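Visitor: Below you'll find run-v8.cif; it's mmCIF, C-alpha atoms and all ligand atoms.
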data_start
#
loop_
_atom_site.label_atom_id
_atom_site.label_comp_id
_atom_site.auth_asym_id
_atom_site.auth_seq_id
_atom_site.Cartn_x
_atom_site.Cartn_y
_atom_site.Cartn_z
CA MET L 1 -6.82 32.21 30.10
CA ASN L 2 -7.40 35.93 30.06
CA SER L 3 -10.65 35.62 31.89
CA HIS L 4 -10.08 38.56 34.18
CA ARG L 5 -9.80 40.91 31.22
CA ARG L 6 -12.99 40.78 29.30
CA GLY L 7 -14.10 43.00 26.38
CA THR L 8 -16.74 45.67 26.68
CA GLY L 9 -19.45 43.37 25.29
CA SER L 10 -18.95 41.03 28.20
CA THR L 11 -18.86 43.87 30.67
CA ALA L 12 -22.28 44.90 29.43
CA LEU L 13 -23.43 41.32 29.86
CA VAL L 14 -22.09 41.16 33.37
CA ALA L 15 -23.81 44.43 34.25
CA GLY L 16 -26.99 43.08 32.72
CA VAL L 17 -26.82 39.99 34.83
CA VAL L 18 -26.22 41.90 38.05
CA LEU L 19 -29.31 43.94 37.27
CA ALA L 20 -31.08 40.74 36.47
CA GLY L 21 -30.32 39.47 39.91
CA MET L 22 -32.07 42.46 41.37
CA ALA L 23 -35.16 42.28 39.17
CA TRP L 24 -34.69 38.87 37.71
CA SER L 25 -37.68 38.44 35.47
CA THR L 26 -37.63 41.67 33.48
CA SER L 27 -34.14 43.07 33.17
CA LEU L 28 -32.54 39.94 31.72
CA VAL L 29 -34.67 40.15 28.62
CA ALA L 30 -33.15 43.57 28.01
CA VAL L 31 -29.70 42.08 27.35
CA PRO L 32 -29.01 42.18 23.57
CA ALA L 33 -29.74 38.73 22.15
CA ASP L 34 -26.70 38.84 19.83
CA ASP L 35 -24.25 38.92 22.71
CA TRP L 36 -25.75 35.85 24.35
CA ALA L 37 -25.92 33.91 21.09
CA ALA L 38 -22.14 34.09 20.66
CA LEU L 39 -21.52 32.15 23.86
CA ARG L 40 -20.75 28.52 23.11
CA THR L 41 -18.75 26.53 25.65
CA GLY L 42 -19.80 25.94 29.23
CA ASP L 43 -16.86 28.02 30.34
CA GLU L 44 -17.94 30.98 28.17
CA VAL L 45 -21.56 30.86 29.23
CA PHE L 46 -20.71 30.42 32.90
CA ARG L 47 -18.27 33.33 32.93
CA ALA L 48 -20.70 35.64 31.16
CA ALA L 49 -23.95 34.63 32.82
CA CYS L 50 -23.19 33.00 36.17
CA ALA L 51 -19.78 34.13 37.43
CA THR L 52 -20.97 37.58 38.60
CA CYS L 53 -22.64 35.83 41.52
CA HIS L 54 -21.19 32.32 41.56
CA GLY L 55 -17.58 33.47 40.93
CA ALA L 56 -15.28 32.30 38.13
CA ARG L 57 -14.16 29.48 40.42
CA GLY L 58 -17.66 28.52 41.50
CA THR L 59 -17.19 29.34 45.16
CA GLY L 60 -19.59 32.32 45.13
CA VAL L 61 -18.77 36.02 45.08
CA GLU L 62 -18.33 37.82 48.41
CA LYS L 63 -21.32 39.65 49.78
CA SER L 64 -19.59 43.06 49.65
CA ILE L 65 -19.08 42.64 45.89
CA ARG L 66 -22.35 40.95 44.88
CA GLY L 67 -24.42 43.35 46.97
CA PHE L 68 -27.22 41.10 48.23
CA ASP L 69 -27.74 38.83 51.21
CA VAL L 70 -28.56 35.38 49.90
CA ASP L 71 -25.35 33.31 49.70
CA PRO L 72 -24.80 31.52 46.41
CA PRO L 73 -23.80 27.89 47.01
CA ASP L 74 -20.20 26.68 46.82
CA PHE L 75 -19.99 24.58 43.65
CA THR L 76 -16.56 23.22 44.64
CA ASP L 77 -18.17 21.36 47.58
CA CYS L 78 -18.69 17.91 46.05
CA LYS L 79 -21.13 16.87 48.75
CA PHE L 80 -23.43 19.64 47.52
CA THR L 81 -22.60 19.67 43.79
CA SER L 82 -22.91 15.93 43.16
CA ARG L 83 -26.29 15.37 44.80
CA GLU L 84 -28.80 16.91 42.38
CA PRO L 85 -29.38 15.53 38.90
CA LYS L 86 -28.09 17.86 36.19
CA ASN L 87 -31.61 18.45 34.84
CA ASP L 88 -32.76 19.92 38.15
CA TRP L 89 -30.06 22.53 37.87
CA VAL L 90 -30.96 23.17 34.24
CA GLY L 91 -34.48 23.85 35.53
CA ILE L 92 -33.27 26.32 38.16
CA ALA L 93 -31.09 28.17 35.64
CA THR L 94 -33.95 28.22 33.10
CA GLU L 95 -36.74 29.38 35.40
CA GLY L 96 -34.89 30.92 38.33
CA GLY L 97 -34.56 30.01 42.01
CA PRO L 98 -38.32 30.15 42.82
CA LEU L 99 -38.88 27.07 40.62
CA LYS L 100 -37.60 25.06 43.58
CA GLY L 101 -38.42 27.45 46.35
CA PHE L 102 -35.00 29.17 46.28
CA SER L 103 -34.40 32.90 46.30
CA PRO L 104 -35.34 34.99 43.23
CA MET L 105 -31.77 36.33 43.45
CA MET L 106 -31.02 33.25 41.39
CA PRO L 107 -32.31 34.62 38.05
CA ALA L 108 -34.12 32.90 35.17
CA PHE L 109 -32.12 32.51 31.96
CA GLY L 110 -34.70 30.69 29.88
CA LYS L 111 -35.48 33.73 27.76
CA VAL L 112 -31.90 34.75 27.01
CA LEU L 113 -29.94 31.53 26.77
CA THR L 114 -30.75 28.44 24.73
CA ARG L 115 -31.28 25.08 26.40
CA ASP L 116 -27.87 23.99 25.03
CA GLN L 117 -26.16 27.04 26.53
CA ILE L 118 -27.82 26.45 29.91
CA GLU L 119 -26.85 22.78 29.86
CA ALA L 120 -23.28 23.78 29.01
CA ALA L 121 -23.17 26.28 31.91
CA VAL L 122 -24.60 23.72 34.32
CA GLY L 123 -22.08 21.13 33.10
CA HIS L 124 -19.37 23.66 33.85
CA ALA L 125 -20.82 24.34 37.33
CA LYS L 126 -20.93 20.59 38.06
CA GLY L 127 -17.28 20.36 36.94
CA PHE L 128 -16.17 22.51 39.91
CA CYS L 129 -16.34 19.33 41.95
CA PRO L 130 -13.10 17.67 40.88
CA GLU L 131 -13.67 14.31 42.63
CA ARG L 132 -15.21 11.63 40.47
CA HIS L 133 -16.05 9.12 43.22
CA TRP L 134 -19.15 11.01 44.42
CA PRO L 135 -22.17 9.20 42.98
CA PRO L 136 -24.13 11.76 40.91
CA GLY L 137 -27.73 12.66 41.78
CA GLU L 138 -29.00 10.92 38.64
CA PHE L 139 -28.57 7.70 40.64
CA ASN L 140 -30.93 8.87 43.35
CA LEU L 141 -33.80 6.82 41.94
CA PRO L 142 -37.30 6.92 43.47
CA LYS L 143 -37.63 5.03 46.72
CA ALA L 144 -39.65 1.85 46.30
CA LEU L 145 -41.78 0.50 49.16
CA TYR L 146 -39.73 -2.66 49.71
CA THR L 147 -36.64 -2.70 47.46
CA GLY L 148 -33.71 -0.98 49.16
CA LYS L 149 -31.87 1.75 47.27
CA ALA L 150 -28.24 1.70 46.17
CA PHE L 151 -27.79 5.48 46.55
CA PRO L 152 -26.56 6.84 49.91
CA GLU L 153 -28.99 9.34 51.47
CA ASP L 154 -29.34 12.16 53.94
CA GLU L 155 -32.96 11.59 54.79
CA ALA L 156 -35.63 10.94 57.34
CA ALA L 157 -38.49 8.64 56.39
CA TRP L 158 -41.74 7.74 58.11
CA SER L 159 -43.67 4.76 56.85
CA VAL L 160 -46.75 2.90 57.89
CA LYS L 161 -47.98 -0.48 56.76
CA ALA L 162 -51.25 -2.14 57.62
CA THR L 163 -53.20 -5.28 56.95
CA VAL L 164 -56.93 -4.80 56.71
CA GLU L 165 -58.31 -8.27 57.41
CA GLU L 166 -57.88 -10.16 60.67
CA PRO L 167 -55.36 -10.49 62.21
CA VAL L 168 -54.97 -6.75 61.75
CA ALA L 169 -51.56 -5.09 62.14
CA ILE L 170 -50.65 -1.41 61.90
CA ILE L 171 -46.91 -0.88 62.07
CA GLY L 172 -45.09 2.44 61.82
CA LYS L 173 -41.41 2.89 61.12
CA PHE L 174 -39.01 5.80 61.42
CA VAL L 175 -35.66 5.76 59.65
CA VAL L 176 -32.94 8.37 59.70
CA ALA L 177 -29.96 8.13 57.39
CA THR L 178 -26.86 10.25 56.99
CA ARG L 179 -24.16 10.16 54.35
CA ILE L 180 -20.61 9.57 55.48
CA GLY L 181 -18.05 10.83 52.96
CA ALA L 182 -18.68 10.28 49.27
CA ARG L 183 -19.91 6.71 49.25
CA HIS L 184 -21.17 5.59 52.61
CA GLN L 185 -24.32 5.92 54.69
CA LEU L 186 -25.20 5.19 58.30
CA GLU L 187 -28.80 4.56 59.22
CA ALA L 188 -30.92 3.82 62.27
CA ALA L 189 -34.47 2.50 62.19
CA ILE L 190 -37.15 1.81 64.74
CA GLU L 191 -40.50 0.16 64.15
CA GLY L 192 -43.55 -0.32 66.29
CA GLY L 193 -47.30 -0.34 66.38
CA ALA L 194 -50.26 -2.50 67.22
CA GLN L 195 -51.25 -5.95 66.02
CA GLN L 196 -53.74 -8.65 66.85
CA VAL L 197 -52.19 -11.72 68.48
CA ASP L 198 -53.71 -15.11 69.12
CA VAL L 199 -53.40 -16.41 72.66
CA GLU L 200 -53.75 -20.12 73.40
CA HIS L 201 -55.27 -20.94 76.80
CA ASP L 202 -54.72 -24.03 79.01
CA ASP L 203 -58.05 -25.48 77.97
CA GLY L 204 -56.96 -25.37 74.32
CA THR L 205 -59.15 -22.44 73.27
CA VAL L 206 -57.64 -19.55 71.33
CA THR L 207 -58.63 -15.95 71.78
CA ARG L 208 -57.50 -12.94 69.80
CA ARG L 209 -56.38 -9.73 71.47
CA TRP L 210 -54.51 -6.55 70.64
CA GLY L 211 -50.82 -6.25 71.43
CA GLU L 212 -48.77 -3.15 71.07
CA GLY L 213 -45.10 -2.44 71.31
CA ALA L 214 -41.81 -1.65 69.61
CA ALA L 215 -39.87 -3.93 67.30
CA ASP L 216 -36.09 -4.35 67.23
CA LEU L 217 -33.88 -1.31 66.76
CA ALA L 218 -31.87 -1.64 63.54
CA VAL L 219 -28.58 0.00 62.66
CA ALA L 220 -27.35 -0.20 59.09
CA TRP L 221 -24.28 0.65 57.05
CA LYS L 222 -24.25 1.13 53.28
CA SER L 223 -21.27 1.45 50.95
CA VAL L 224 -21.41 2.19 47.24
CA LEU L 225 -19.18 -0.41 45.56
CA TRP L 226 -19.30 0.89 42.03
CA GLN L 227 -21.09 3.52 39.98
CA HIS L 228 -20.73 4.44 36.33
CA LEU L 229 -23.07 7.06 34.90
CA PRO L 230 -22.49 6.32 31.18
CA ALA L 231 -23.62 2.75 31.84
CA GLY L 232 -26.31 3.98 34.24
CA THR L 233 -25.35 1.50 36.96
CA ILE L 234 -24.78 1.88 40.70
CA GLY L 235 -24.21 -0.98 43.13
CA SER L 236 -24.01 -1.01 46.94
CA VAL L 237 -23.69 -3.41 49.82
CA THR L 238 -25.56 -2.96 53.05
CA LEU L 239 -25.40 -4.61 56.44
CA ASP L 240 -28.32 -4.19 58.84
CA VAL L 241 -27.91 -5.28 62.45
CA PHE L 242 -31.10 -5.86 64.45
CA LEU L 243 -30.63 -5.45 68.19
CA PRO L 244 -32.95 -7.51 70.42
CA THR L 245 -34.56 -4.43 71.96
CA GLY L 246 -38.14 -5.12 70.83
CA ASP L 247 -41.09 -6.41 72.81
CA GLU L 248 -41.11 -10.21 72.66
CA ARG L 249 -44.44 -10.65 74.39
CA ASP L 250 -46.69 -9.57 71.55
CA GLY L 251 -44.57 -10.90 68.74
CA PHE L 252 -42.66 -7.72 67.87
CA SER L 253 -39.26 -9.34 68.43
CA ASP L 254 -37.62 -12.78 68.47
CA GLY L 255 -35.32 -11.59 71.25
CA ILE L 256 -32.09 -12.28 69.35
CA PHE L 257 -29.52 -10.44 67.26
CA LYS L 258 -30.06 -10.67 63.51
CA PHE L 259 -27.76 -9.65 60.69
CA GLU L 260 -28.99 -8.72 57.27
CA PRO L 261 -26.37 -8.45 54.51
CA ALA L 262 -27.73 -7.35 51.13
CA LEU L 263 -26.70 -6.16 47.69
CA ALA L 264 -28.59 -3.35 45.92
CA ILE L 265 -28.28 -2.38 42.27
CA GLY L 266 -29.79 0.62 40.52
CA GLN L 267 -29.97 0.75 36.73
CA ILE L 268 -31.05 3.77 34.73
CA ILE L 269 -32.68 2.77 31.45
CA PRO L 270 -32.49 5.87 29.21
CA HIS L 271 -35.87 7.15 27.91
CA VAL L 272 -37.60 4.23 29.60
CA GLY L 273 -37.10 4.41 33.32
CA PHE L 274 -35.22 2.50 35.93
CA LEU L 275 -34.75 -0.90 37.48
CA GLN L 276 -33.75 -1.46 41.10
CA LEU L 277 -32.74 -4.85 42.45
CA GLN L 278 -32.02 -6.01 45.98
CA GLY L 279 -31.15 -9.42 47.32
CA GLY L 280 -30.00 -10.53 50.72
CA ALA L 281 -30.49 -12.67 53.77
CA GLU L 282 -31.70 -12.11 57.31
CA LEU L 283 -29.40 -14.27 59.38
CA SER L 284 -30.60 -15.41 62.77
CA THR L 285 -28.21 -15.99 65.67
CA ASP L 286 -30.53 -18.62 67.16
CA THR L 287 -32.50 -20.72 64.67
CA SER L 288 -34.62 -22.23 67.44
CA ARG L 289 -36.18 -18.77 67.79
CA ALA L 290 -36.09 -17.51 64.19
CA GLU L 291 -35.12 -19.13 60.89
CA HIS L 292 -32.70 -17.61 58.42
CA VAL L 293 -34.59 -15.90 55.64
CA VAL L 294 -33.45 -15.05 52.11
CA PHE L 295 -35.18 -12.35 50.07
CA TRP L 296 -35.08 -10.80 46.60
CA ARG L 297 -36.85 -7.72 45.34
CA ALA L 298 -37.11 -5.84 42.06
CA ALA L 299 -38.70 -2.48 41.27
CA VAL L 300 -39.28 -1.16 37.76
CA GLY L 301 -40.70 2.24 37.05
CA ARG L 302 -40.48 5.50 35.29
CA THR L 303 -40.31 9.11 36.39
CA PHE L 304 -42.43 11.65 34.56
CA ARG L 305 -41.47 15.31 34.76
CA ARG L 306 -42.68 18.08 32.52
CA ASP L 307 -39.67 19.77 30.79
CA GLY L 308 -37.47 17.19 32.50
CA TYR L 309 -37.26 19.13 35.76
CA ARG L 310 -40.74 19.92 37.10
CA ARG L 311 -42.45 18.06 39.91
CA ALA L 312 -41.76 14.36 39.52
CA TRP L 313 -44.18 11.50 39.79
CA SER L 314 -43.00 7.94 39.47
CA PRO L 315 -45.26 4.94 39.02
CA MET L 316 -43.50 1.67 39.87
CA VAL L 317 -44.20 -2.02 40.23
CA GLU L 318 -42.26 -4.26 42.57
CA VAL L 319 -41.98 -7.99 42.66
CA VAL L 320 -40.81 -9.37 45.99
CA GLY L 321 -40.05 -12.86 47.17
CA GLU L 322 -38.73 -14.48 50.32
CA THR L 323 -38.39 -17.83 51.95
CA ALA L 324 -37.17 -19.16 55.27
CA LEU L 325 -34.22 -21.52 55.05
CA ALA L 326 -36.11 -24.40 56.62
CA ASP L 327 -37.52 -27.67 55.27
CA ASP L 328 -40.85 -27.20 53.50
CA ALA L 329 -40.81 -23.43 54.03
CA PRO L 330 -42.92 -21.83 51.28
CA VAL L 331 -41.61 -19.19 48.90
CA GLU L 332 -43.78 -16.13 49.38
CA TRP L 333 -44.19 -14.03 46.25
CA GLY L 334 -45.86 -10.67 46.07
CA ILE L 335 -46.41 -7.81 43.65
CA ALA L 336 -46.68 -4.18 44.69
CA PRO L 337 -48.00 -1.49 42.33
CA GLN L 338 -47.29 1.97 43.74
CA LEU L 339 -46.77 5.66 43.07
CA GLN L 340 -44.23 8.14 44.36
CA ILE L 341 -44.89 11.86 44.05
CA ALA L 342 -42.85 14.91 44.97
CA LEU L 343 -44.86 17.07 47.37
CA SER L 344 -42.60 20.09 47.75
CA ARG L 345 -41.45 22.28 44.90
CA ARG L 346 -37.88 21.49 45.90
CA GLN L 347 -38.81 17.81 45.58
CA HIS L 348 -37.17 17.13 48.92
CA VAL L 349 -40.41 15.93 50.54
CA ARG L 350 -41.98 13.00 48.74
CA LEU L 351 -44.83 10.60 49.32
CA GLY L 352 -45.02 7.00 48.19
CA ALA L 353 -47.98 4.65 48.53
CA GLY L 354 -49.04 1.28 47.23
CA VAL L 355 -50.32 -2.15 48.07
CA LEU L 356 -48.53 -5.49 48.34
CA VAL L 357 -50.64 -8.27 46.86
CA PRO L 358 -49.65 -11.89 47.53
CA ILE L 359 -49.34 -13.91 44.33
CA ASN L 360 -49.30 -17.31 46.02
CA ASP L 361 -50.65 -18.87 49.25
CA PHE L 362 -53.69 -16.60 49.20
CA GLU L 363 -55.40 -18.48 52.04
CA SER L 364 -52.75 -17.72 54.63
CA ARG L 365 -51.65 -14.27 53.42
CA GLN L 366 -53.38 -10.97 52.86
CA LEU L 367 -53.00 -7.55 51.29
CA GLU L 368 -50.65 -5.06 52.89
CA LEU L 369 -51.14 -1.33 52.42
CA LYS L 370 -48.00 0.75 52.74
CA ALA L 371 -47.12 4.42 52.50
CA TYR L 372 -44.11 6.57 53.33
CA LEU L 373 -43.15 10.20 53.61
CA VAL L 374 -39.50 10.95 52.99
CA TRP L 375 -37.64 14.19 53.63
CA ASP L 376 -34.17 14.83 52.20
CA TRP L 377 -33.05 17.08 55.02
CA TYR L 378 -29.82 18.16 53.37
CA ASP L 379 -31.84 20.00 50.70
CA GLY L 380 -33.62 22.20 53.20
CA GLY L 381 -35.87 22.26 56.26
CA PHE L 382 -39.14 20.35 56.06
CA GLY L 383 -41.08 23.60 55.70
CA GLU L 384 -38.74 25.21 53.15
CA GLY L 385 -39.05 25.01 49.37
CA TRP L 386 -42.85 24.53 49.05
C1 LIG E 1 -27.60 37.48 40.25
C2 LIG E 1 -26.81 36.46 40.86
C3 LIG E 1 -26.80 35.09 40.23
C4 LIG E 1 -26.53 34.76 38.93
C5 LIG E 1 -26.19 35.69 37.78
C6 LIG E 1 -26.63 33.31 38.85
N1 LIG E 1 -26.93 32.80 40.07
FE1 LIG E 1 -27.26 30.86 40.52
N2 LIG E 1 -27.71 31.35 42.44
C7 LIG E 1 -27.66 32.62 42.97
C8 LIG E 1 -28.04 32.57 44.36
C9 LIG E 1 -28.09 33.76 45.32
C10 LIG E 1 -28.33 31.25 44.66
C11 LIG E 1 -28.79 30.68 46.00
C12 LIG E 1 -30.29 30.76 46.11
C13 LIG E 1 -30.84 30.25 47.44
O1 LIG E 1 -30.12 29.55 48.16
O2 LIG E 1 -32.01 30.57 47.74
C14 LIG E 1 -28.13 30.50 43.43
C15 LIG E 1 -28.34 29.14 43.30
C16 LIG E 1 -28.07 28.43 42.16
C17 LIG E 1 -28.30 27.04 42.02
C18 LIG E 1 -28.99 26.21 43.09
C19 LIG E 1 -28.34 25.01 43.57
C20 LIG E 1 -29.10 24.30 44.66
O3 LIG E 1 -29.63 23.21 44.40
O4 LIG E 1 -29.14 24.81 45.79
C21 LIG E 1 -27.87 26.68 40.77
C22 LIG E 1 -27.88 25.31 40.17
C23 LIG E 1 -27.40 27.87 40.13
N3 LIG E 1 -27.55 28.91 40.99
C24 LIG E 1 -26.89 27.91 38.85
C25 LIG E 1 -26.63 29.08 38.16
C26 LIG E 1 -26.22 29.12 36.77
C27 LIG E 1 -25.97 27.90 35.90
C28 LIG E 1 -26.09 30.42 36.45
C29 LIG E 1 -25.73 30.98 35.11
C30 LIG E 1 -26.46 30.52 33.96
C31 LIG E 1 -26.41 31.20 37.64
N4 LIG E 1 -26.73 30.35 38.64
C32 LIG E 1 -26.40 32.59 37.70
C33 LIG E 1 -27.32 33.77 42.30
C34 LIG E 1 -27.04 33.85 40.96
#
How does the structure come out when it is put into structure tokens?
Guide:
Amino acid sequence: MNSHRRGTGSTALVAGVVLAGMAWSTSLVAVPADDWAALRTGDEVFRAACATCHGARGTGVEKSIRGFDVDPPDFTDCKFTSREPKNDWVGIATEGGPLKGFSPMMPAFGKVLTRDQIEAAVGHAKGFCPERHWPPGEFNLPKALYTGKAFPEDEAAWSVKATVEEPVAIIGKFVVATRIGARHQLEAAIEGGAQQVDVEHDDGTVTRRWGEGAADLAVAWKSVLWQHLPAGTIGSVTLDVFLPTGDERDGFSDGIFKFEPALAIGQIIPHVGFLQLQGGAELSTDTSRAEHVVFWRAAVGRTFRRDGYRRAWSPMVEVVGETALADDAPVEWGIAPQLQIALSRRQHVRLGAGVLVPINDFESRQLELKAYLVWDWYDGGFGEGW
């Protein structure tokens, strides 16, 4: 490849793009349309339009040469390059960095390159990560309220769930997760809140009072077992360990270790949406205190985004079921309609909310309202990218 010796046409392009970086919205349009139209392959487009700042090898051009402060990212870092869906990058290249709250030094190419050319350049940029075992960002499906995800995350999530009829419970949860290598994730979760508990007295009467406290601390490991983008499938195993740290007195803990192995599958259904499945068991280490429980959950939904990359909103419906492994234990079914929306322009802060409606045993069960706020901290500080 004679990439380092380009013709004068390309030199003009390169100069045009450097100018563009300095006044991104206006100067790019000044580049002669004919020159851009001749660019076909991802390699050609990238070298002509992106390499002045991102470097022919994708590592970013040195500050002394590019002449501005904001560092371009290193596309050869798979941890970075694999995590966003390709369409998000197409959006940034089309409309410029500010689309997602990045610097305007990342110019907009939507007026000078065709969608095909931009997709080709982005494909080329993604190709700088040579390792295929990093699950691509397309698999980072919207987080459902109950069904666990197969994709490993770098995130912090706050959630709250509440029942509205007596006995009332308001329980908050905080989860922090970090990716380990390409395919693994380590997570810690703590739950707590206030709930009404019934107290039986010596004379046989029952009174209801408020109890508050913390539930068991949970530590979890997740490993992606397989992922194949052409088929749209990702599958993971998780193991949650519940430590008996919670308050037993008001029913926040059974005072024993519990282990929760589970399998999670994510399936992209092109043009239609996605399906997420999770099944597992909560295994008790003392069945006189707590029974083993098996559970299964499914979430179907669709993400709507104007142009394929603007702010996402994802309506979903979940069906959940669980039963204790004990004689005569009922199977509890529920259905949970819900909505997830991206709050920040960068889409790294999202809100989900919905309601879990029992579909059997109505007398003994009630509605549960649930909402979460999730922040993908790898993509920027909580206050960045709005
Ligand atoms: C004028 C310099 C310049 C040019 C030309 C340029 N970029 Fe950028 N690009 C940047 C800078 C600087 C950033 C980092 C912005 C930030 O972090 O705020 C960036 C960031 C990005 C990102 C953001 C990734 C992320 O999620 O953090 C993508 C994707 C990208 N560029 C793709 C491209 C593509 C594709 C082209 C060519 C079509 C291109 N860039 C051309 C300077 C440039």
Visitor: Could you produce a table of the residues of chain L lying within 6 Å of ligand LIG 1 (chain E), with the nearest pair of atoms per residue and their separation in Å rounded to one decimal, using only C-alpha atoms and all ligand atoms, ordered by chain and increasing residue number, as a tab-separated table?
Guide:
residue	atom	partner	partner_atom	distance
L:Val17	CA	E:LIG1	C5	5.3
L:Val18	CA	E:LIG1	C1	5.1
L:Gly21	CA	E:LIG1	C1	3.4
L:Phe46	CA	E:LIG1	C29	5.5
L:Ala49	CA	E:LIG1	C29	4.7
L:Cys50	CA	E:LIG1	C29	3.4
L:Thr52	CA	E:LIG1	C5	5.6
L:Cys53	CA	E:LIG1	C2	4.3
L:His54	CA	E:LIG1	N1	5.9
L:Val70	CA	E:LIG1	C9	4.9
L:Asp71	CA	E:LIG1	C9	5.2
L:Pro72	CA	E:LIG1	C10	3.9
L:Pro73	CA	E:LIG1	C11	5.8
L:Trp89	CA	E:LIG1	C22	4.2
L:Ile92	CA	E:LIG1	C22	5.8
L:Ala93	CA	E:LIG1	C26	5.1
L:Gly97	CA	E:LIG1	C12	6.0
L:Phe102	CA	E:LIG1	O2	3.6
L:Ser103	CA	E:LIG1	O2	3.6
L:Met105	CA	E:LIG1	C9	4.9
L:Met106	CA	E:LIG1	C7	3.8
L:Pro107	CA	E:LIG1	C4	5.8
L:Ile118	CA	E:LIG1	C30	5.9
L:Ala121	CA	E:LIG1	C27	5.1
L:Val122	CA	E:LIG1	C27	4.7
Visitor: From the list L:Ala48, L:Leu277, L:Ala182, L:Ile341, which residue is nearest Ala371 in chain L when using all atoms listed in the file?
Guide: L:Ile341
Visitor: Of the residues L:Ile171, L:Val176, L:Val331, L:Val319, which is the one nearest to Gly213 in chain L, using all atoms listed in the file?
Guide: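 So, comparing all the options, the nearest one is L:Ile171.
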Visitor: Residues near Leu356 in chain L, anyone? I mean within 8 Å using only C-alpha atoms, not counting same-chain ones fewer than 4 positions away, as a PDB file with C-alpha atoms, in the coordinates of the input.
Guide:
ATOM      1  CA  GLY L 334     -45.860 -10.670  46.070  1.00  0.00           C
ATOM      2  CA  ILE L 335     -46.410  -7.810  43.650  1.00  0.00           C
ATOM      3  CA  ALA L 336     -46.680  -4.180  44.690  1.00  0.00           C
ATOM      4  CA  PRO L 337     -48.000  -1.490  42.330  1.00  0.00           C
ATOM      5  CA  LEU L 367     -53.000  -7.550  51.290  1.00  0.00           C
ATOM      6  CA  GLU L 368     -50.650  -5.060  52.890  1.00  0.00           C
ATOM      7  CA  LEU L 369     -51.140  -1.330  52.420  1.00  0.00           C
ATOM      8  CA  LYS L 370     -48.000   0.750  52.740  1.00  0.00           C
TER       9      LYS L 370
END
Visitor: I'd like the contact shell of Pro136 in chain L - 7 Å cut-off, only C-alpha atoms, skipping same-chain residues fewer than 3 positions apart - returned as an mmCIF file with C-alpha atoms, keeping the file's coordinate frame.
Guide:
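Listing of out.cif after writing:
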data_model
loop_
_atom_site.group_PDB
_atom_site.id
_atom_site.type_symbol
_atom_site.label_atom_id
_atom_site.label_comp_id
_atom_site.auth_asym_id
_atom_site.auth_seq_id
_atom_site.Cartn_x
_atom_site.Cartn_y
_atom_site.Cartn_z
ATOM 1 C CA SER L 82 -22.910 15.930 43.160
ATOM 2 C CA ARG L 83 -26.290 15.370 44.800
ATOM 3 C CA PRO L 85 -29.380 15.530 38.900
ATOM 4 C CA PHE L 139 -28.570 7.700 40.640
#
Visitor: Neighbouring residues of Val317 in chain L were defined as those with any atom within 10 Å, considering only C-alpha atoms; residues of the same chain fewer than 2 positions away were excluded. Please report them as a count of residues only.
Guide: 19
Visitor: Calculated over only C-alpha atoms, which of the candidates L:Gln185, L:Thr94, L:Thr323, L:Ser364 has the smallest distance to Phe109 in chain L?
Guide: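 Ranking L:Gln185, L:Thr94, L:Thr323, L:Ser364 by distance to Phe109 in chain L, first place goes to L:Thr94.
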Visitor: Pick from L:Ala37, L:Ala312, L:Phe242, L:Ile180: nearest to Lys111 in chain L, with only C-alpha atoms counted?
Guide: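 Smallest distance to Lys111 in chain L is found for L:Ala37.
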Visitor: Using the block above, I'd like range 52-72 of chain L written out, keeping C-alpha atoms and formatting it as an mmCIF file, in the first residue's frame.
Guide:
data_model
loop_
_atom_site.group_PDB
_atom_site.id
_atom_site.type_symbol
_atom_site.label_atom_id
_atom_site.label_comp_id
_atom_site.auth_asym_id
_atom_site.auth_seq_id
_atom_site.Cartn_x
_atom_site.Cartn_y
_atom_site.Cartn_z
ATOM 1 C CA THR L 52 -5.846 13.251 9.570
ATOM 2 C CA CYS L 53 -7.013 13.080 13.172
ATOM 3 C CA HIS L 54 -7.521 9.391 13.900
ATOM 4 C CA GLY L 55 -4.291 8.283 12.156
ATOM 5 C CA ALA L 56 -3.975 5.712 9.369
ATOM 6 C CA ARG L 57 -3.626 3.048 12.061
ATOM 7 C CA GLY L 58 -6.532 4.308 14.138
ATOM 8 C CA THR L 59 -4.483 5.179 17.203
ATOM 9 C CA GLY L 60 -4.992 8.956 16.853
ATOM 10 C CA VAL L 61 -2.572 11.561 15.540
ATOM 11 C CA GLU L 62 -0.199 13.221 18.013
ATOM 12 C CA LYS L 63 -1.246 16.545 19.436
ATOM 13 C CA SER L 64 1.747 18.401 17.929
ATOM 14 C CA ILE L 65 0.644 17.306 14.445
ATOM 15 C CA ARG L 66 -3.147 17.575 14.744
ATOM 16 C CA GLY L 67 -2.940 20.952 16.462
ATOM 17 C CA PHE L 68 -5.833 20.782 18.929
ATOM 18 C CA ASP L 69 -6.306 19.555 22.469
ATOM 19 C CA VAL L 70 -9.080 16.988 22.442
ATOM 20 C CA ASP L 71 -7.569 13.497 22.126
ATOM 21 C CA PRO L 72 -9.126 11.309 19.464
#
